[in-house]
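Data first, discussion second: the structure below is written as structure tokens.
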There are 2 protein chains.
Amino acid sequence: MFEAAELGQKLTKAQYDAELARLRPALLEAHFALKDTKVPVIVIVSGADGAGKGEVVHRLNEWLDPRGVDTQAFWQTSDEERERPRWWRFWRSLPARGRVGILFGSWYSEPIIRRVYGEIKASKLDTEMDRVAFFEKMLADDGAVIVKLWFHLSKKAQRRRLKDLESDPKTHWRVLPSDWKHFKLYDKFTEVSERALRRTDAGHAPWHLIEAADRRFRELTAGKLLLQAIERKLRELEKAKAVSAAVPPPKPARVRTKAGITILDHVNLTQRLTDQKYEAQLEKWQSRLTRLTWAAWEKKIASVALFEGWDAAGKGSAIRRVTAAMDPRLYRIVPIAAPTDEERARHYLWRFWRHLPRAGMTTIFDRSWYGRVLVERVEGFAREDEWKRSFLEINDFEEQMAESGIVVSKFWVHISKDEQLRRFKQREEIAFKRYKITAEDWRNREQWDAYKAAINDMVAHTSTEFAPWTLVAGNDKKFARVQIVKTLCQHLEAAL
Amino acid sequence: MFEAAELGQKLTKAQYDAELARLRPALLEAHFALKDTKVPVIVIVSGADGAGKGEVVHRLNEWLDPRGVDTQAFWQTSDEERERPRWWRFWRSLPARGRVGILFGSWYSEPIIRRVYGEIKASKLDTEMDRVAFFEKMLADDGAVIVKLWFHLSKKAQRRRLKDLESDPKTHWRVLPSDWKHFKLYDKFTEVSERALRRTDAGHAPWHLIEAADRRFRELTAGKLLLQAIERKLRELEKAKAVSAAVPPPKPARVRTKAGITILDHVNLTQRLTDQKYEAQLEKWQSRLTRLTWAAWEKKIASVALFEGWDAAGKGSAIRRVTAAMDPRLYRIVPIAAPTDEERARHYLWRFWRHLPRAGMTTIFDRSWYGRVLVERVEGFAREDEWKRSFLEINDFEEQMAESGIVVSKFWVHISKDEQLRRFKQREEIAFKRYKITAEDWRNREQWDAYKAAINDMVAHTSTEFAPWTLVAGNDKKFARVQIVKTLCQHLEAAL
């Protein structure tokens, strides 16, 4: 594979200058056009040590409009990063739509290095690369342009380059002791990299091998590849616009479904607790939850609990019974409403990633990423291909939480349609509950069957071994609250 | 002072229920009205150990609309926090406009505890409290409502409360060993707290002493105080609206100033470098900067460099000469354009605080917080009282950086009006520079004198010992670049 980047390609200064004179204005123009789109551009700069990657990063910064570029070097991790799933640091560094993010080092570096040093097996490398492939596909599906540049040096060229850098006092600092250590592992590094690259070389995120021995050649090639990728995307967008102008796509419509029998019909809504039993059981499970959340804190085990449910199902009051048992220092509630513009400018999962808890802490999501397959599906805010692929995306997200040791609990608080009506009416009567009932609630209610079908699909697709759904029998609030607090205790106990 | 909170105030259940029935709907209504304003509400929950502060936090969360509340407990710090100025963690936790932020623990806790334990002197406590007072004034000036609640227990009540909590298995966990340790220091704690409170008891951010021995009394009082504070602000806003409807305030106008002789006239713009000298000196200072930035990284010394200057003064190309000497892992460029909505929803300094570098790293601001006293002043985007008080705010911000060991460098890149004209024309001719010149640049140019006056004021007010301005002679780009790289080296050398 890498032989294709050992051809001795180079450019004279005259060639370089001539090509650059064409490249720079074109690159700037493309960068400016990009600003008005919803497209984030992700440039991954990777490859051999001593291949001049840092200089390429400088050069791209020079050629682009600096106000539209975010350069991110992945290097040492902070404890805020180490105490969360491994991909948290990558998510937090994703560029916004309309911007170019240059990633110096990336999600490739650590798995490759660890494999080269024999810290992980080949099969683990493959698993990691599959996750990378999935991640990149997800970003590409969301509209991102992904430009992956691999700067290659032959063994001879690498030795020469490291020696040259080292002997020049001006560049001596660039050679780290780890570079020579890596050099000794050149063959292994090449083999592992090739395996990693092959497994992640997709149409929507292709690898570009760049022969790195000649500075002019490698820098100009990088610039040209970036330009091509942006221009291709801009052409695609133009074309899509022309097509949809000629044949307007059908307006997304509310889905009207007859749901039939769903998983919700198997929830036994007649389950109730007497006041007396409720008091006793709630107290029992709350004190246990108190102890368990402190124990989890000591063992640095984090939790995520998310709450979905019908309007007026009692999510809010259930959450309060949960938090009443927890020290305010140990948890955080994240209510999900309209996204901010920083959130809208990124993949829809970004806003949830940013709130993942640190070790030992709990994040409670009041509504969650499941909005994608519930309200967005039913109301037609997300296209069918979007919400359909989000099942996979969500499972991957939750699997990553579980793998990193986070205890994931997901509650659907279920009530019957009659019970909802009763509560709506009741809310309209109580002064300080009136704010809780809006015209939107009544509209949602009309879509009951469509939601039922969506909920059934949701549970079918995302109730996993690592993150199972708990369907809560909510007609009796007392029963529901105890069920929720008890379930959280059981999940924590299993993890401790 | 605290005697006023040792009166034995309590509420019967009947009194509590009756008052709560009035309080809850009113609180919710006020909270909803708040959402449509630009007002953030900051509730500080502090006071004695065992005073039920955590329960109050729970209760407020219960009474408010949970979707509009952010509860933040200040507890253990992360390395991302420890490696930045102490106030970084408080800034990052400020609620957005229209929301209520409940701070459990706050900027008061650490200084008070450290003084109680004798780790700092009384004079240091005073200094810290003055900073607190300044910070709260700044937030209040920006429209925030600040509700500071101090929950007090008499010595006897505290002992009883800790014993009660401890003997009940359900609440045993709430008593930390440090609570008893604090109890032994009760008198000292009372004395220090009183000093801290007195020094920070301002009209815009008054302290409320709450007698905490009775649960019902303390919770209801907290709720009522919060309600009063929000309602007062809402009335003020209504009144201001009525006044400005009757007498429309004058539209902020561009300031037309004759600048006269300013500090800029003392910059010797005839300074030039020959190509040969430029090459040699740039190389010399760049290699030094390379070494120094690595040394700073090893010693964990962070830097902030900000660049302001006339349009076309060459800020961008100067920044590139700086970064060319730095490893991409060590620095980050933050270009300042229009704020995002998350930024607009907070004090104008928030967006700069969030980008402060971690230990050993450098943040380069391409334009900066000085926009407040430059473009916002000249174009009338900020009211006169706003930009005038920002001199103090900015100096405090930079002083905090300097105190935490950050090396602060501020560059104004100066050129003559003629030189600017020459460059504007030149830019219009070069294809890949054309994007750099816009109608706005020509408009700004018409305001040359107003800017000159603003720059003079800016330098006069904010060139401090800990963060001096460097006025760069920019008519010769070569001279300017060397001056900048050299100055950065000198600042780093002085710090290392």
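Convention: chains lettered A, B, ... in structure tokens order; per-chain residue numbering from 1; ligands numbered from 1 as shown.
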
DSSP says strand (DSSP E) for which residues of range 215-387 of chain A? Put them as a list of chain:residue names?
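Assigned to strand (DSSP E), within range 215-387 of chain A: A:Ser303, A:Val304, A:Ala305, A:Leu306, A:Phe307, A:Glu308, A:Gly309, A:Tyr331, A:Arg332, A:Ile333, A:Val334, A:Pro335, A:Thr362, A:Thr363, A:Ile364, A:Phe365, A:Asp366.
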
Which neighbours of Met326 in chain B fall inside 10 Å, counting only C-alpha atoms, when residues of the same chain fewer than 6 positions from it are skipped, and could you give them as a list in words?
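Those residues are Gly54 and His58 of chain A; Gln286, Ser287, Leu289, Thr290, Arg291, Leu292, Thr293, Trp294, Arg320 and Thr362 of chain B.
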
Near Met361 in chain B, counting only C-alpha atoms, which residues have an atom at most 8 Å away, once you skip same-chain residues fewer than 4 positions from it, shown as number ranges by chain?
B: 296-297, 300-303, 330-331, 357

Measuring between only C-alpha atoms, which one of A:Glu236, A:Ile364, A:Ser123, A:Arg161 shows the shortest distance to Val175 in chain A?
A:Arg161

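Here the question is which of A:Ala467, A:Val375, A:Leu392, A:Leu488 gets nearest to Arg445 in chain A using only C-alpha atoms, and that residue is A:Val375.
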
Using CA of Leu237 in chain A and CA of Thr37 in chain A as the two end points, give the distance in Å to one decimal.
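Atom-to-atom, CA of Leu237 in chain A and CA of Thr37 in chain A are spaced 8.7 Å apart.
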
Write down as a VMD selection string the residues of range 89-243 of chain A whose backbone DSSP state falls under alpha helix (DSSP H).
chain A and resid 89 to 91 109 to 116 122 to 141 155 to 167 177 to 184 186 to 199 215 to 243

Set the distance at 6 Å and use only C-alpha atoms: which residues neighbour range 96-99 of chain A once local chain neighbours fewer than 5 positions away are removed? I'd like the list as a PyMOL selection string.
chain A and resi 34-35+37-40+68-69+345-346

Skipping near chain neighbours, those fewer than 2 positions away, what residues fall within 9 Å of Glu342 in chain B using only C-alpha atoms, listed as a PyMOL selection string?
(chain A and resi 340-342) or (chain B and resi 96+339-340+344-346+351)

Which residue out of A:Phe479, A:Phe352, A:Tyr451, A:Phe365 has the minimum interatomic distance to chain B when only C-alpha atoms are used?
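The closest residue to chain B is A:Phe365.
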
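Take CA of Thr221 in chain B and CA of Ala324 in chain A: the distance between them is 19.8 Å.
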
Rounded to one decimal place, report the CA of Leu11 in chain B-CA of Val56 in chain B distance in Å.
15.6 Å

Residue neighbourhood His208 in chain A, 7 Å, only C-alpha atoms, exclusion window fewer than 5 positions, as a list in words:
Lys148, Leu149 and Trp150 of chain A

Please produce a file of the residues just selected, as a PDB file, in the first residue's frame, where the atoms kept are N, CA and C atoms.
ATOM      1  N   LYS A 148      -8.752  12.814   5.023  1.00  0.00           N
ATOM      2  CA  LYS A 148      -7.767  12.103   5.844  1.00  0.00           C
ATOM      3  C   LYS A 148      -6.434  12.012   5.113  1.00  0.00           C
ATOM      4  N   LEU A 149      -5.451  12.663   5.669  1.00  0.00           N
ATOM      5  CA  LEU A 149      -4.142  12.731   5.020  1.00  0.00           C
ATOM      6  C   LEU A 149      -3.140  11.887   5.798  1.00  0.00           C
ATOM      7  N   TRP A 150      -2.497  10.971   5.109  1.00  0.00           N
ATOM      8  CA  TRP A 150      -1.473  10.145   5.740  1.00  0.00           C
ATOM      9  C   TRP A 150      -0.129  10.470   5.088  1.00  0.00           C
TER      10      TRP A 150
END

Can you tell me, as a count of residues only, what residues are no more than 12 Å from Glu398 in chain A when counting only C-alpha atoms, ignoring any on the same chain fewer than 6 positions away?
30

Restricting the calculation to only C-alpha atoms: of B:Ala140, B:Ala202, B:Ile112, B:Ile319, which residue gets closest to chain A?
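Among the listed residues, B:Ile319 lies closest to chain A.
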
Pick from B:Lys10, B:His31, B:Arg389, B:Lys155: nearest to chain A, with only C-alpha atoms counted?
B:His31
